[in-house]
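Novice: What follows is the file structure_12.cif, containing mmCIF, C-alpha atoms and all ligand atoms:
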```cif
data_upload
#
loop_
_atom_site.group_PDB
_atom_site.id
_atom_site.type_symbol
_atom_site.label_atom_id
_atom_site.label_comp_id
_atom_site.auth_asym_id
_atom_site.auth_seq_id
_atom_site.Cartn_x
_atom_site.Cartn_y
_atom_site.Cartn_z
ATOM 1 C CA MET A 1 -76.569 106.098 57.327
ATOM 2 C CA ASN A 2 -73.979 104.858 59.845
ATOM 3 C CA PRO A 3 -70.289 104.594 58.997
ATOM 4 C CA VAL A 4 -69.351 100.922 59.239
ATOM 5 C CA ALA A 5 -65.745 99.700 58.985
ATOM 6 C CA LEU A 6 -65.773 96.666 56.665
ATOM 7 C CA TYR A 7 -62.682 94.473 56.751
ATOM 8 C CA VAL A 8 -62.161 92.523 53.533
ATOM 9 C CA GLY A 9 -59.109 91.813 51.397
ATOM 10 C CA GLU A 10 -56.742 89.248 50.005
ATOM 11 C CA ALA A 11 -54.984 88.482 53.295
ATOM 12 C CA LEU A 12 -58.318 87.625 54.956
ATOM 13 C CA GLY A 13 -59.460 85.646 51.925
ATOM 14 C CA ARG A 14 -56.518 83.311 52.494
ATOM 15 C CA TYR A 15 -58.138 82.017 55.675
ATOM 16 C CA GLY A 16 -59.720 78.910 54.192
ATOM 17 C CA PHE A 17 -58.858 75.254 53.826
ATOM 18 C CA PRO A 18 -57.875 73.555 50.555
ATOM 19 C CA ASN A 19 -59.059 70.466 48.666
ATOM 20 C CA GLY A 20 -62.807 71.064 48.653
ATOM 21 C CA HIS A 21 -63.055 71.688 52.418
ATOM 22 C CA PRO A 22 -66.434 73.317 53.287
ATOM 23 C CA PHE A 23 -64.559 76.289 54.832
ATOM 24 C CA GLY A 24 -62.777 77.012 51.550
ATOM 25 C CA PRO A 25 -60.890 80.194 50.677
ATOM 26 C CA ASP A 26 -63.712 81.298 48.318
ATOM 27 C CA ARG A 27 -66.142 82.344 51.063
ATOM 28 C CA GLN A 28 -65.055 85.980 51.257
ATOM 29 C CA ARG A 29 -65.449 86.329 47.483
ATOM 30 C CA ALA A 30 -68.994 84.959 47.656
ATOM 31 C CA PHE A 31 -69.811 87.603 50.280
ATOM 32 C CA TRP A 32 -68.073 90.414 48.420
ATOM 33 C CA ASP A 33 -69.765 89.750 45.054
ATOM 34 C CA GLU A 34 -73.132 90.243 46.758
ATOM 35 C CA THR A 35 -71.831 93.316 48.640
ATOM 36 C CA ARG A 36 -71.042 94.914 45.311
ATOM 37 C CA VAL A 37 -74.339 93.903 43.720
ATOM 38 C CA ARG A 38 -76.110 95.707 46.591
ATOM 39 C CA ASP A 39 -73.737 98.671 46.361
ATOM 40 C CA LEU A 40 -72.895 98.242 50.050
ATOM 41 C CA ASP A 41 -69.166 98.498 49.287
ATOM 42 C CA ARG A 42 -69.752 102.167 48.464
ATOM 43 C CA ARG A 43 -71.746 102.751 51.622
ATOM 44 C CA ALA A 44 -69.264 101.134 54.027
ATOM 45 C CA LEU A 45 -65.746 102.166 54.925
ATOM 46 C CA VAL A 46 -63.745 99.373 53.270
ATOM 47 C CA CYS A 47 -60.513 98.692 55.181
ATOM 48 C CA GLU A 48 -57.428 96.634 54.364
ATOM 49 C CA PRO A 49 -56.709 93.600 56.554
ATOM 50 C CA VAL A 50 -54.137 94.038 59.318
ATOM 51 C CA CYS A 51 -51.833 91.387 60.808
ATOM 52 C CA ALA A 52 -51.822 90.911 64.593
ATOM 53 C CA THR A 53 -48.505 90.759 66.426
ATOM 54 C CA HIS A 54 -47.502 87.811 68.583
ATOM 55 C CA GLU A 55 -47.986 89.970 71.676
ATOM 56 C CA GLU A 56 -51.541 90.849 70.620
ATOM 57 C CA LEU A 57 -52.452 87.213 69.933
ATOM 58 C CA ALA A 58 -50.911 86.132 73.239
ATOM 59 C CA ARG A 59 -53.477 88.241 75.109
ATOM 60 C CA PHE A 60 -55.822 85.282 74.530
ATOM 61 C CA CYS A 61 -53.787 82.488 72.931
ATOM 62 C CA ASP A 62 -51.352 80.257 74.777
ATOM 63 C CA PRO A 63 -47.769 81.022 73.560
ATOM 64 C CA GLY A 64 -46.934 77.316 73.224
ATOM 65 C CA PHE A 65 -49.989 76.871 71.026
ATOM 66 C CA LEU A 66 -48.976 79.863 68.876
ATOM 67 C CA ALA A 67 -45.577 78.208 68.333
ATOM 68 C CA PHE A 68 -47.344 74.988 67.308
ATOM 69 C CA VAL A 69 -49.551 76.881 64.817
ATOM 70 C CA ALA A 70 -46.486 78.622 63.347
ATOM 71 C CA GLU A 71 -44.695 75.294 62.940
ATOM 72 C CA MET A 72 -47.685 73.540 61.321
ATOM 73 C CA SER A 73 -48.201 76.553 59.078
ATOM 74 C CA GLU A 74 -44.656 76.267 57.816
ATOM 75 C CA ARG A 75 -44.984 72.534 57.313
ATOM 76 C CA GLY A 76 -48.278 73.052 55.454
ATOM 77 C CA GLU A 77 -49.679 69.567 55.984
ATOM 78 C CA GLY A 78 -51.335 67.473 58.667
ATOM 79 C CA TYR A 79 -54.008 68.735 61.048
ATOM 80 C CA PHE A 80 -54.237 71.365 63.763
ATOM 81 C CA ASP A 81 -56.727 69.147 65.593
ATOM 82 C CA TYR A 82 -58.216 65.636 65.386
ATOM 83 C CA GLY A 83 -59.088 65.970 61.705
ATOM 84 C CA ASP A 84 -61.487 68.898 61.064
ATOM 85 C CA THR A 85 -58.941 71.672 60.715
ATOM 86 C CA PRO A 86 -56.156 70.934 58.224
ATOM 87 C CA ALA A 87 -52.848 72.780 58.237
ATOM 88 C CA PHE A 88 -51.989 74.765 55.115
ATOM 89 C CA ALA A 89 -49.017 76.906 54.153
ATOM 90 C CA GLY A 90 -49.545 80.428 55.545
ATOM 91 C CA ALA A 91 -52.216 79.382 58.062
ATOM 92 C CA TYR A 92 -50.511 81.314 60.866
ATOM 93 C CA GLU A 93 -50.395 84.541 58.834
ATOM 94 C CA ALA A 94 -53.999 84.104 57.665
ATOM 95 C CA SER A 95 -55.160 83.536 61.256
ATOM 96 C CA ALA A 96 -53.129 86.513 62.486
ATOM 97 C CA HIS A 97 -54.862 88.663 59.861
ATOM 98 C CA VAL A 98 -58.283 87.542 61.095
ATOM 99 C CA ALA A 99 -57.426 88.608 64.655
ATOM 100 C CA GLY A 100 -55.408 91.656 63.549
ATOM 101 C CA SER A 101 -58.230 93.036 61.415
ATOM 102 C CA ALA A 102 -60.607 92.597 64.334
ATOM 103 C CA LEU A 103 -58.192 94.578 66.514
ATOM 104 C CA ALA A 104 -57.855 97.297 63.875
ATOM 105 C CA ALA A 105 -61.642 97.598 63.756
ATOM 106 C CA LEU A 106 -61.752 97.698 67.532
ATOM 107 C CA ARG A 107 -59.219 100.542 67.549
ATOM 108 C CA GLN A 108 -61.345 102.505 65.059
ATOM 109 C CA ILE A 109 -64.392 102.013 67.230
ATOM 110 C CA MET A 110 -62.656 102.930 70.489
ATOM 111 C CA ASP A 111 -61.022 105.968 68.846
ATOM 112 C CA GLY A 112 -64.485 107.109 67.792
ATOM 113 C CA ALA A 113 -63.809 106.957 64.037
ATOM 114 C CA VAL A 114 -66.742 104.534 63.618
ATOM 115 C CA ARG A 115 -69.119 102.809 66.001
ATOM 116 C CA ARG A 116 -69.705 99.621 64.044
ATOM 117 C CA SER A 117 -67.622 97.116 62.128
ATOM 118 C CA PHE A 118 -68.187 93.986 60.088
ATOM 119 C CA GLN A 119 -65.696 91.296 59.123
ATOM 120 C CA PRO A 120 -67.012 88.345 57.105
ATOM 121 C CA ILE A 121 -63.963 86.146 57.713
ATOM 122 C CA GLY A 122 -63.877 86.073 61.507
ATOM 123 C CA GLY A 123 -65.738 84.866 64.553
ATOM 124 C CA LEU A 124 -63.665 81.668 64.824
ATOM 125 C CA HIS A 125 -65.607 80.586 67.871
ATOM 126 C CA HIS A 126 -64.469 76.981 68.320
ATOM 127 C CA ALA A 127 -60.758 77.772 68.867
ATOM 128 C CA ARG A 128 -59.539 77.469 72.469
ATOM 129 C CA ARG A 129 -56.708 79.344 74.111
ATOM 130 C CA ASP A 130 -54.473 76.333 73.485
ATOM 131 C CA ALA A 131 -56.149 74.354 70.711
ATOM 132 C CA ALA A 132 -57.704 74.618 67.263
ATOM 133 C CA ALA A 133 -61.082 73.015 66.611
ATOM 134 C CA GLY A 134 -63.906 72.941 64.075
ATOM 135 C CA PHE A 135 -62.227 74.955 61.264
ATOM 136 C CA CYS A 136 -61.074 77.588 63.793
ATOM 137 C CA ILE A 137 -57.344 78.033 64.408
ATOM 138 C CA LEU A 138 -57.049 81.198 66.534
ATOM 139 C CA ASN A 139 -59.974 82.732 68.404
ATOM 140 C CA ASP A 140 -60.187 86.333 67.166
ATOM 141 C CA THR A 141 -63.120 87.134 69.448
ATOM 142 C CA GLY A 142 -61.113 86.098 72.506
ATOM 143 C CA VAL A 143 -58.304 88.417 71.403
ATOM 144 C CA VAL A 144 -60.831 91.270 71.075
ATOM 145 C CA ILE A 145 -62.329 90.658 74.527
ATOM 146 C CA GLU A 146 -58.908 90.518 76.195
ATOM 147 C CA THR A 147 -57.873 93.694 74.380
ATOM 148 C CA LEU A 148 -61.048 95.518 75.443
ATOM 149 C CA ARG A 149 -60.026 94.834 79.012
ATOM 150 C CA ALA A 150 -56.264 95.310 78.793
ATOM 151 C CA GLN A 151 -56.202 98.400 76.567
ATOM 152 C CA TYR A 152 -59.562 100.105 76.891
ATOM 153 C CA GLY A 153 -60.763 99.362 80.405
ATOM 154 C CA ILE A 154 -64.037 97.821 79.203
ATOM 155 C CA ARG A 155 -65.184 94.774 81.154
ATOM 156 C CA ARG A 156 -68.858 94.076 80.459
ATOM 157 C CA VAL A 157 -69.151 92.600 76.982
ATOM 158 C CA ALA A 158 -72.200 91.045 75.350
ATOM 159 C CA TYR A 159 -71.303 88.144 73.043
ATOM 160 C CA VAL A 160 -74.168 86.982 70.834
ATOM 161 C CA ASP A 161 -73.692 83.920 68.640
ATOM 162 C CA ILE A 162 -76.328 82.796 66.112
ATOM 163 C CA ASP A 163 -74.043 80.382 64.240
ATOM 164 C CA VAL A 164 -75.735 76.974 64.019
ATOM 165 C CA HIS A 165 -72.940 75.487 66.151
ATOM 166 C CA HIS A 166 -72.452 76.277 69.821
ATOM 167 C CA GLY A 167 -69.601 78.784 70.274
ATOM 168 C CA ASP A 168 -67.756 76.567 72.721
ATOM 169 C CA GLY A 169 -64.358 78.269 72.322
ATOM 170 C CA VAL A 170 -65.748 81.581 73.555
ATOM 171 C CA PHE A 171 -68.253 80.066 75.993
ATOM 172 C CA TYR A 172 -65.824 77.931 77.982
ATOM 173 C CA ALA A 173 -63.063 80.566 77.959
ATOM 174 C CA TYR A 174 -65.452 82.888 79.825
ATOM 175 C CA GLU A 175 -67.697 80.398 81.582
ATOM 176 C CA SER A 176 -66.583 81.669 84.984
ATOM 177 C CA ASP A 177 -66.394 85.332 83.979
ATOM 178 C CA PRO A 178 -69.482 87.278 85.131
ATOM 179 C CA ASP A 179 -68.693 90.195 82.800
ATOM 180 C CA VAL A 180 -68.951 88.297 79.532
ATOM 181 C CA ILE A 181 -72.670 88.041 78.867
ATOM 182 C CA VAL A 182 -73.311 85.244 76.397
ATOM 183 C CA VAL A 183 -76.382 84.516 74.309
ATOM 184 C CA ASP A 184 -75.767 81.518 72.086
ATOM 185 C CA MET A 185 -78.557 80.190 69.851
ATOM 186 C CA HIS A 186 -77.696 77.031 67.971
ATOM 187 C CA GLN A 187 -78.899 73.641 66.807
ATOM 188 C CA ASP A 188 -79.280 71.264 69.756
ATOM 189 C CA GLY A 189 -75.915 69.756 70.726
ATOM 190 C CA ARG A 190 -77.386 66.273 70.860
ATOM 191 C CA THR A 191 -77.763 66.485 67.090
ATOM 192 C CA LEU A 192 -74.710 68.509 66.010
ATOM 193 C CA TYR A 193 -71.031 69.354 66.595
ATOM 194 C CA PRO A 194 -69.637 70.315 69.114
ATOM 195 C CA GLY A 195 -72.315 68.688 71.301
ATOM 196 C CA THR A 196 -72.360 71.440 73.944
ATOM 197 C CA GLY A 197 -74.500 74.487 74.724
ATOM 198 C CA HIS A 198 -77.214 72.943 76.883
ATOM 199 C CA ALA A 199 -79.745 75.205 78.594
ATOM 200 C CA TYR A 200 -78.440 74.221 82.026
ATOM 201 C CA GLU A 201 -74.999 75.612 81.144
ATOM 202 C CA SER A 202 -75.559 79.137 82.424
ATOM 203 C CA GLY A 203 -72.095 80.063 83.701
ATOM 204 C CA LYS A 204 -70.079 78.906 86.688
ATOM 205 C CA GLY A 205 -69.514 80.337 90.154
ATOM 206 C CA ALA A 206 -69.883 84.112 90.206
ATOM 207 C CA ALA A 207 -70.827 83.935 86.531
ATOM 208 C CA LYS A 208 -73.872 81.752 87.091
ATOM 209 C CA GLY A 209 -76.807 83.264 85.218
ATOM 210 C CA THR A 210 -74.702 85.374 82.846
ATOM 211 C CA LYS A 211 -74.893 82.927 79.926
ATOM 212 C CA LEU A 212 -77.974 81.927 77.984
ATOM 213 C CA ASN A 213 -77.760 78.850 75.779
ATOM 214 C CA ILE A 214 -80.771 78.296 73.562
ATOM 215 C CA ALA A 215 -80.768 75.002 71.688
ATOM 216 C CA LEU A 216 -83.144 74.645 68.748
ATOM 217 C CA MET A 217 -84.228 71.288 67.379
ATOM 218 C CA PRO A 218 -83.316 70.365 63.783
ATOM 219 C CA GLY A 219 -85.831 71.806 61.336
ATOM 220 C CA SER A 220 -86.589 74.883 63.466
ATOM 221 C CA GLY A 221 -87.384 78.019 61.459
ATOM 222 C CA ASP A 222 -87.769 81.764 61.972
ATOM 223 C CA GLU A 223 -90.815 81.507 64.198
ATOM 224 C CA ALA A 224 -89.120 79.222 66.731
ATOM 225 C CA PHE A 225 -85.978 81.348 66.679
ATOM 226 C CA LEU A 226 -87.735 84.684 67.101
ATOM 227 C CA ALA A 227 -89.893 83.411 69.974
ATOM 228 C CA GLU A 228 -86.656 82.734 71.892
ATOM 229 C CA TRP A 229 -84.900 85.846 70.612
ATOM 230 C CA THR A 230 -87.316 88.164 72.398
ATOM 231 C CA ARG A 231 -86.317 86.520 75.674
ATOM 232 C CA ALA A 232 -82.627 86.663 74.749
ATOM 233 C CA LEU A 233 -82.741 90.382 73.986
ATOM 234 C CA LYS A 234 -84.407 91.113 77.302
ATOM 235 C CA PHE A 235 -81.713 89.022 79.022
ATOM 236 C CA LEU A 236 -78.950 91.067 77.350
ATOM 237 C CA ARG A 237 -80.546 94.407 78.270
ATOM 238 C CA GLY A 238 -80.641 93.306 81.892
ATOM 239 C CA PHE A 239 -76.833 93.379 82.035
ATOM 240 C CA ASP A 240 -76.343 96.798 80.458
ATOM 241 C CA PRO A 241 -73.312 95.724 78.352
ATOM 242 C CA GLN A 242 -70.606 98.257 77.441
ATOM 243 C CA PHE A 243 -69.750 96.591 74.133
ATOM 244 C CA VAL A 244 -71.573 94.214 71.770
ATOM 245 C CA ILE A 245 -70.102 91.436 69.624
ATOM 246 C CA LEU A 246 -72.213 89.452 67.132
ATOM 247 C CA GLN A 247 -71.079 86.187 65.552
ATOM 248 C CA CYS A 248 -73.637 85.757 62.760
ATOM 249 C CA GLY A 249 -72.767 82.376 61.265
ATOM 250 C CA ALA A 250 -74.831 81.750 58.129
ATOM 251 C CA ASP A 251 -74.874 77.998 58.679
ATOM 252 C CA SER A 252 -78.121 78.428 60.624
ATOM 253 C CA LEU A 253 -79.902 79.288 57.348
ATOM 254 C CA ALA A 254 -81.996 76.694 55.518
ATOM 255 C CA GLY A 255 -79.938 74.689 53.045
ATOM 256 C CA ASP A 256 -76.578 74.660 54.796
ATOM 257 C CA PRO A 257 -74.752 71.433 53.905
ATOM 258 C CA LEU A 258 -73.506 70.831 57.474
ATOM 259 C CA ALA A 259 -76.565 71.575 59.623
ATOM 260 C CA MET A 260 -80.327 71.345 59.871
ATOM 261 C CA LEU A 261 -81.890 74.603 61.054
ATOM 262 C CA LYS A 262 -84.197 76.336 58.572
ATOM 263 C CA LEU A 263 -83.826 80.036 59.261
ATOM 264 C CA THR A 264 -84.116 82.725 56.598
ATOM 265 C CA PRO A 265 -81.812 85.774 56.359
ATOM 266 C CA ALA A 266 -84.664 87.817 57.876
ATOM 267 C CA VAL A 267 -83.468 86.471 61.232
ATOM 268 C CA HIS A 268 -79.938 87.737 60.662
ATOM 269 C CA ALA A 269 -81.274 91.177 59.694
ATOM 270 C CA ARG A 270 -83.573 91.291 62.731
ATOM 271 C CA VAL A 271 -80.843 90.251 65.188
ATOM 272 C CA ALA A 272 -78.461 92.826 63.704
ATOM 273 C CA ARG A 273 -81.054 95.613 63.969
ATOM 274 C CA ASP A 274 -82.001 94.710 67.522
ATOM 275 C CA LEU A 275 -78.363 94.547 68.619
ATOM 276 C CA CYS A 276 -77.638 97.934 67.047
ATOM 277 C CA GLY A 277 -80.492 99.219 69.201
ATOM 278 C CA LEU A 278 -79.042 97.552 72.287
ATOM 279 C CA ALA A 279 -75.593 98.991 71.509
ATOM 280 C CA GLU A 280 -77.106 102.478 71.106
ATOM 281 C CA ASP A 281 -78.920 102.244 74.413
ATOM 282 C CA CYS A 282 -76.155 100.669 76.534
ATOM 283 C CA ALA A 283 -72.815 100.590 74.758
ATOM 284 C CA ALA A 284 -72.344 104.035 73.153
ATOM 285 C CA GLY A 285 -73.292 102.385 69.845
ATOM 286 C CA ARG A 286 -70.269 100.090 69.824
ATOM 287 C CA ILE A 287 -70.883 96.811 67.970
ATOM 288 C CA MET A 288 -68.711 94.434 65.953
ATOM 289 C CA GLY A 289 -70.063 91.762 63.598
ATOM 290 C CA PHE A 290 -68.208 88.642 62.460
ATOM 291 C CA GLY A 291 -69.291 86.192 59.762
ATOM 292 C CA GLY A 292 -68.485 82.921 61.527
ATOM 293 C CA GLY A 293 -69.579 79.701 59.805
ATOM 294 C CA GLY A 294 -71.774 79.189 56.754
ATOM 295 C CA TYR A 295 -71.020 76.737 53.986
ATOM 296 C CA ASN A 296 -73.737 77.397 51.423
ATOM 297 C CA ARG A 297 -72.200 80.308 49.485
ATOM 298 C CA ARG A 298 -75.540 81.843 48.478
ATOM 299 C CA ASN A 299 -76.681 81.760 52.111
ATOM 300 C CA LEU A 300 -73.587 83.402 53.531
ATOM 301 C CA ALA A 301 -73.726 86.096 50.841
ATOM 302 C CA ARG A 302 -77.321 86.927 51.794
ATOM 303 C CA GLY A 303 -77.107 86.497 55.565
ATOM 304 C CA TRP A 304 -73.884 88.441 56.071
ATOM 305 C CA ASN A 305 -74.861 91.249 53.683
ATOM 306 C CA ASP A 306 -78.188 91.563 55.481
ATOM 307 C CA VAL A 307 -76.236 92.095 58.699
ATOM 308 C CA LEU A 308 -73.917 94.610 57.042
ATOM 309 C CA GLN A 309 -76.895 96.437 55.547
ATOM 310 C CA ALA A 310 -78.643 96.543 58.916
ATOM 311 C CA PHE A 311 -75.488 97.978 60.504
ATOM 312 C CA ILE A 312 -75.396 100.697 57.834
ATOM 313 C CA GLU A 313 -79.107 101.533 57.848
ATOM 314 C CA THR A 314 -80.313 101.025 61.426
HETATM 315 ZN ZN ZN Q 1 -70.952 76.953 62.545
#
```
Could you write out this file's structure as structure tokens?
Ligand SMILES: [Zn+2]

Specialist:
Amino acid sequence: MNPVALYVGEALGRYGFPNGHPFGPDRQRAFWDETRVRDLDRRALVCEPVCATHEELARFCDPGFLAFVAEMSERGEGYFDYGDTPAFAGAYEASAHVAGSALAALRQIMDGAVRRSFQPIGGLHHARRDAAAGFCILNDTGVVIETLRAQYGIRRVAYVDIDVHHGDGVFYAYESDPDVIVVDMHQDGRTLYPGTGHAYESGKGAAKGTKLNIALMPGSGDEAFLAEWTRALKFLRGFDPQFVILQCGADSLAGDPLAMLKLTPAVHARVARDLCGLAEDCAAGRIMGFGGGGYNRRNLARGWNDVLQAFIET
């Protein structure tokens, strides 16, 4: 059994949008109820959420954008973007807790207290350095990657994203960075938001060939996914990453209200197990998991807990 830092708590639960928005504030609870049913709360190291400082957020986020988020958060109405991501009172603090908890987990991993962490409310992969998008206000993963470099001297990071949507906020932030190895498997951008993540997008300049976008057609199931996953895993091993990050959005599971892939949680469990193996072989065991999207509550409860369980048991 592996010690896994699990970040859940009230302050993280507040990251969610009101008035029946698909990314509502009840998602963490749906995850946690299942965690307790499976007794995984007793087998993980449950940690209280932590708030990131402005300085920590500014490692990735544009300071002018942070000021805008703080202002909208105080106002508590309107939108952070063109209409997907509504402002709500306390949005800045909730977002800072998503990034801050990720940083606290990172510290535990780099200090050697644990080697693995999981945070259901996190992996806000559409947010840019200077803009919110697609339910994502601040990009916690970007803050983690910048911190790995600035504080811990780690450059070569594998970022794996199996959310049904392309992780454009992470992808384009590091498109020209040869040391961020990206595997992003998602529903084909011609059929789904944000419309990006084509196979020919493989990184720019010196980073060409360090990103692997795999677009699956609507209706694709486990078999189609796993056929590509074998190739993806081999691709990741070829770069010998020093750290592994998994964004395991549950919106790729069959029955999500916003998307059309038909995966089962077996895929999430398999990816988590394989990446633990990769982390053991290349990255001194260091792996962080983030919940990402997922709007069918039953699906996110199953998919995310399967990942958590794999982290504990693999
Ligand atoms: Zn998504």

Novice: Sort by chain and increasing residue number a table of all residues of chain A within 9 Å of ligand ZN 1 (chain Q), each with its closest pair of atoms and their distance in Å to one decimal, counting all atoms listed in the file, and write it as a Markdown table.

Specialist:
```
| residue | atom | partner | partner_atom | distance |
| --- | --- | --- | --- | --- |
| A:Leu124 | CA | Q:ZN1 | ZN | 9.0 |
| A:His125 | CA | Q:ZN1 | ZN | 8.4 |
| A:His126 | CA | Q:ZN1 | ZN | 8.7 |
| A:Gly134 | CA | Q:ZN1 | ZN | 8.3 |
| A:Ile162 | CA | Q:ZN1 | ZN | 8.7 |
| A:Asp163 | CA | Q:ZN1 | ZN | 4.9 |
| A:Val164 | CA | Q:ZN1 | ZN | 5.0 |
| A:His165 | CA | Q:ZN1 | ZN | 4.4 |
| A:His166 | CA | Q:ZN1 | ZN | 7.5 |
| A:Gly167 | CA | Q:ZN1 | ZN | 8.1 |
| A:His186 | CA | Q:ZN1 | ZN | 8.7 |
| A:Tyr193 | CA | Q:ZN1 | ZN | 8.6 |
| A:Gly249 | CA | Q:ZN1 | ZN | 5.9 |
| A:Ala250 | CA | Q:ZN1 | ZN | 7.6 |
| A:Asp251 | CA | Q:ZN1 | ZN | 5.6 |
| A:Ser252 | CA | Q:ZN1 | ZN | 7.6 |
| A:Leu258 | CA | Q:ZN1 | ZN | 8.3 |
| A:Ala259 | CA | Q:ZN1 | ZN | 8.3 |
| A:Gly292 | CA | Q:ZN1 | ZN | 6.5 |
| A:Gly293 | CA | Q:ZN1 | ZN | 4.1 |
| A:Gly294 | CA | Q:ZN1 | ZN | 6.3 |
| A:Tyr295 | CA | Q:ZN1 | ZN | 8.6 |
```

Novice: Skip Ala99 of chain A itself and residues of its chain fewer than 5 positions away, then list as an NGL selection string all residues within 8 Å of it, counting all atoms listed in the file.

Specialist: :A and (51-52 or 57 or 122 or 138-141 or 143-144)

Novice: Give me the residues of segment 94-162 of chain A that have any atom at most 12 Å from an atom of segment 40-44 of chain A; for each, the nearest atom pair and the distance in Å, rounded to one decimal. Use only C-alpha atoms, sort by chain and number, and format it as JSON lines.

Specialist:
```
{"residue": "A:Val114", "atom": "CA", "partner": "A:Ala44", "partner_atom": "CA", "distance": 10.5}
{"residue": "A:Arg116", "atom": "CA", "partner": "A:Ala44", "partner_atom": "CA", "distance": 10.1}
{"residue": "A:Ser117", "atom": "CA", "partner": "A:Ala44", "partner_atom": "CA", "distance": 9.2}
{"residue": "A:Phe118", "atom": "CA", "partner": "A:Ala44", "partner_atom": "CA", "distance": 9.4}
{"residue": "A:Gln119", "atom": "CA", "partner": "A:Ala44", "partner_atom": "CA", "distance": 11.6}
```

Novice: For atom CA of Leu106 of chain A and atom CA of Tyr7 of chain A, quote the distance in Å rounded to one decimal.

Specialist: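 That distance, rounded to one decimal, is 11.3 Å.
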
Novice: Got a sec to resolve the PyMOL selection byres (((chain A and resi 145-153) around 10) and not hetatm) on this structure and send the residues as number ranges by chain?

Specialist: A: 56-60, 103, 106-107, 110, 140-144, 154-159, 170, 174, 180, 243, 245

Novice: Some atoms are absent from segment 211-222 of chain A, so rebuild N, CA, C and O atoms and return them as a compact mmCIF listing (two decimals), keeping the file's coordinate frame.

Specialist:
```
# COMPACT_ATOMS: atom_id res chain seq x y z
N LYS A 211 -74.94 83.55 81.27
CA LYS A 211 -74.89 82.93 79.93
C LYS A 211 -76.26 82.31 79.63
O LYS A 211 -76.87 81.67 80.51
N LEU A 212 -76.70 82.50 78.41
CA LEU A 212 -77.97 81.93 77.98
C LEU A 212 -77.76 81.08 76.74
O LEU A 212 -77.45 81.61 75.66
N ASN A 213 -77.85 79.77 76.91
CA ASN A 213 -77.76 78.85 75.78
C ASN A 213 -79.17 78.48 75.35
O ASN A 213 -79.97 78.02 76.17
N ILE A 214 -79.46 78.68 74.07
CA ILE A 214 -80.77 78.30 73.56
C ILE A 214 -80.56 77.31 72.42
O ILE A 214 -80.00 77.65 71.37
N ALA A 215 -80.97 76.07 72.67
CA ALA A 215 -80.77 75.00 71.69
C ALA A 215 -82.07 74.79 70.92
O ALA A 215 -83.13 74.60 71.51
N LEU A 216 -81.97 74.84 69.61
CA LEU A 216 -83.14 74.64 68.75
C LEU A 216 -83.07 73.27 68.09
O LEU A 216 -82.00 72.82 67.68
N MET A 217 -84.21 72.61 67.98
CA MET A 217 -84.23 71.29 67.38
C MET A 217 -84.05 71.39 65.86
O MET A 217 -84.42 72.39 65.26
N PRO A 218 -83.47 70.36 65.24
CA PRO A 218 -83.32 70.36 63.78
C PRO A 218 -84.65 70.67 63.11
O PRO A 218 -85.69 70.21 63.58
N GLY A 219 -84.61 71.46 62.05
CA GLY A 219 -85.83 71.81 61.34
C GLY A 219 -86.48 73.09 61.82
O GLY A 219 -87.41 73.59 61.20
N SER A 220 -85.99 73.64 62.95
CA SER A 220 -86.59 74.88 63.47
C SER A 220 -86.40 76.03 62.48
O SER A 220 -85.34 76.16 61.85
N GLY A 221 -87.42 76.88 62.37
CA GLY A 221 -87.38 78.02 61.46
C GLY A 221 -87.46 79.35 62.19
O GLY A 221 -87.25 79.41 63.41
N ASP A 222 -87.79 80.40 61.43
CA ASP A 222 -87.77 81.76 61.97
C ASP A 222 -88.67 81.93 63.19
O ASP A 222 -88.31 82.61 64.15
```
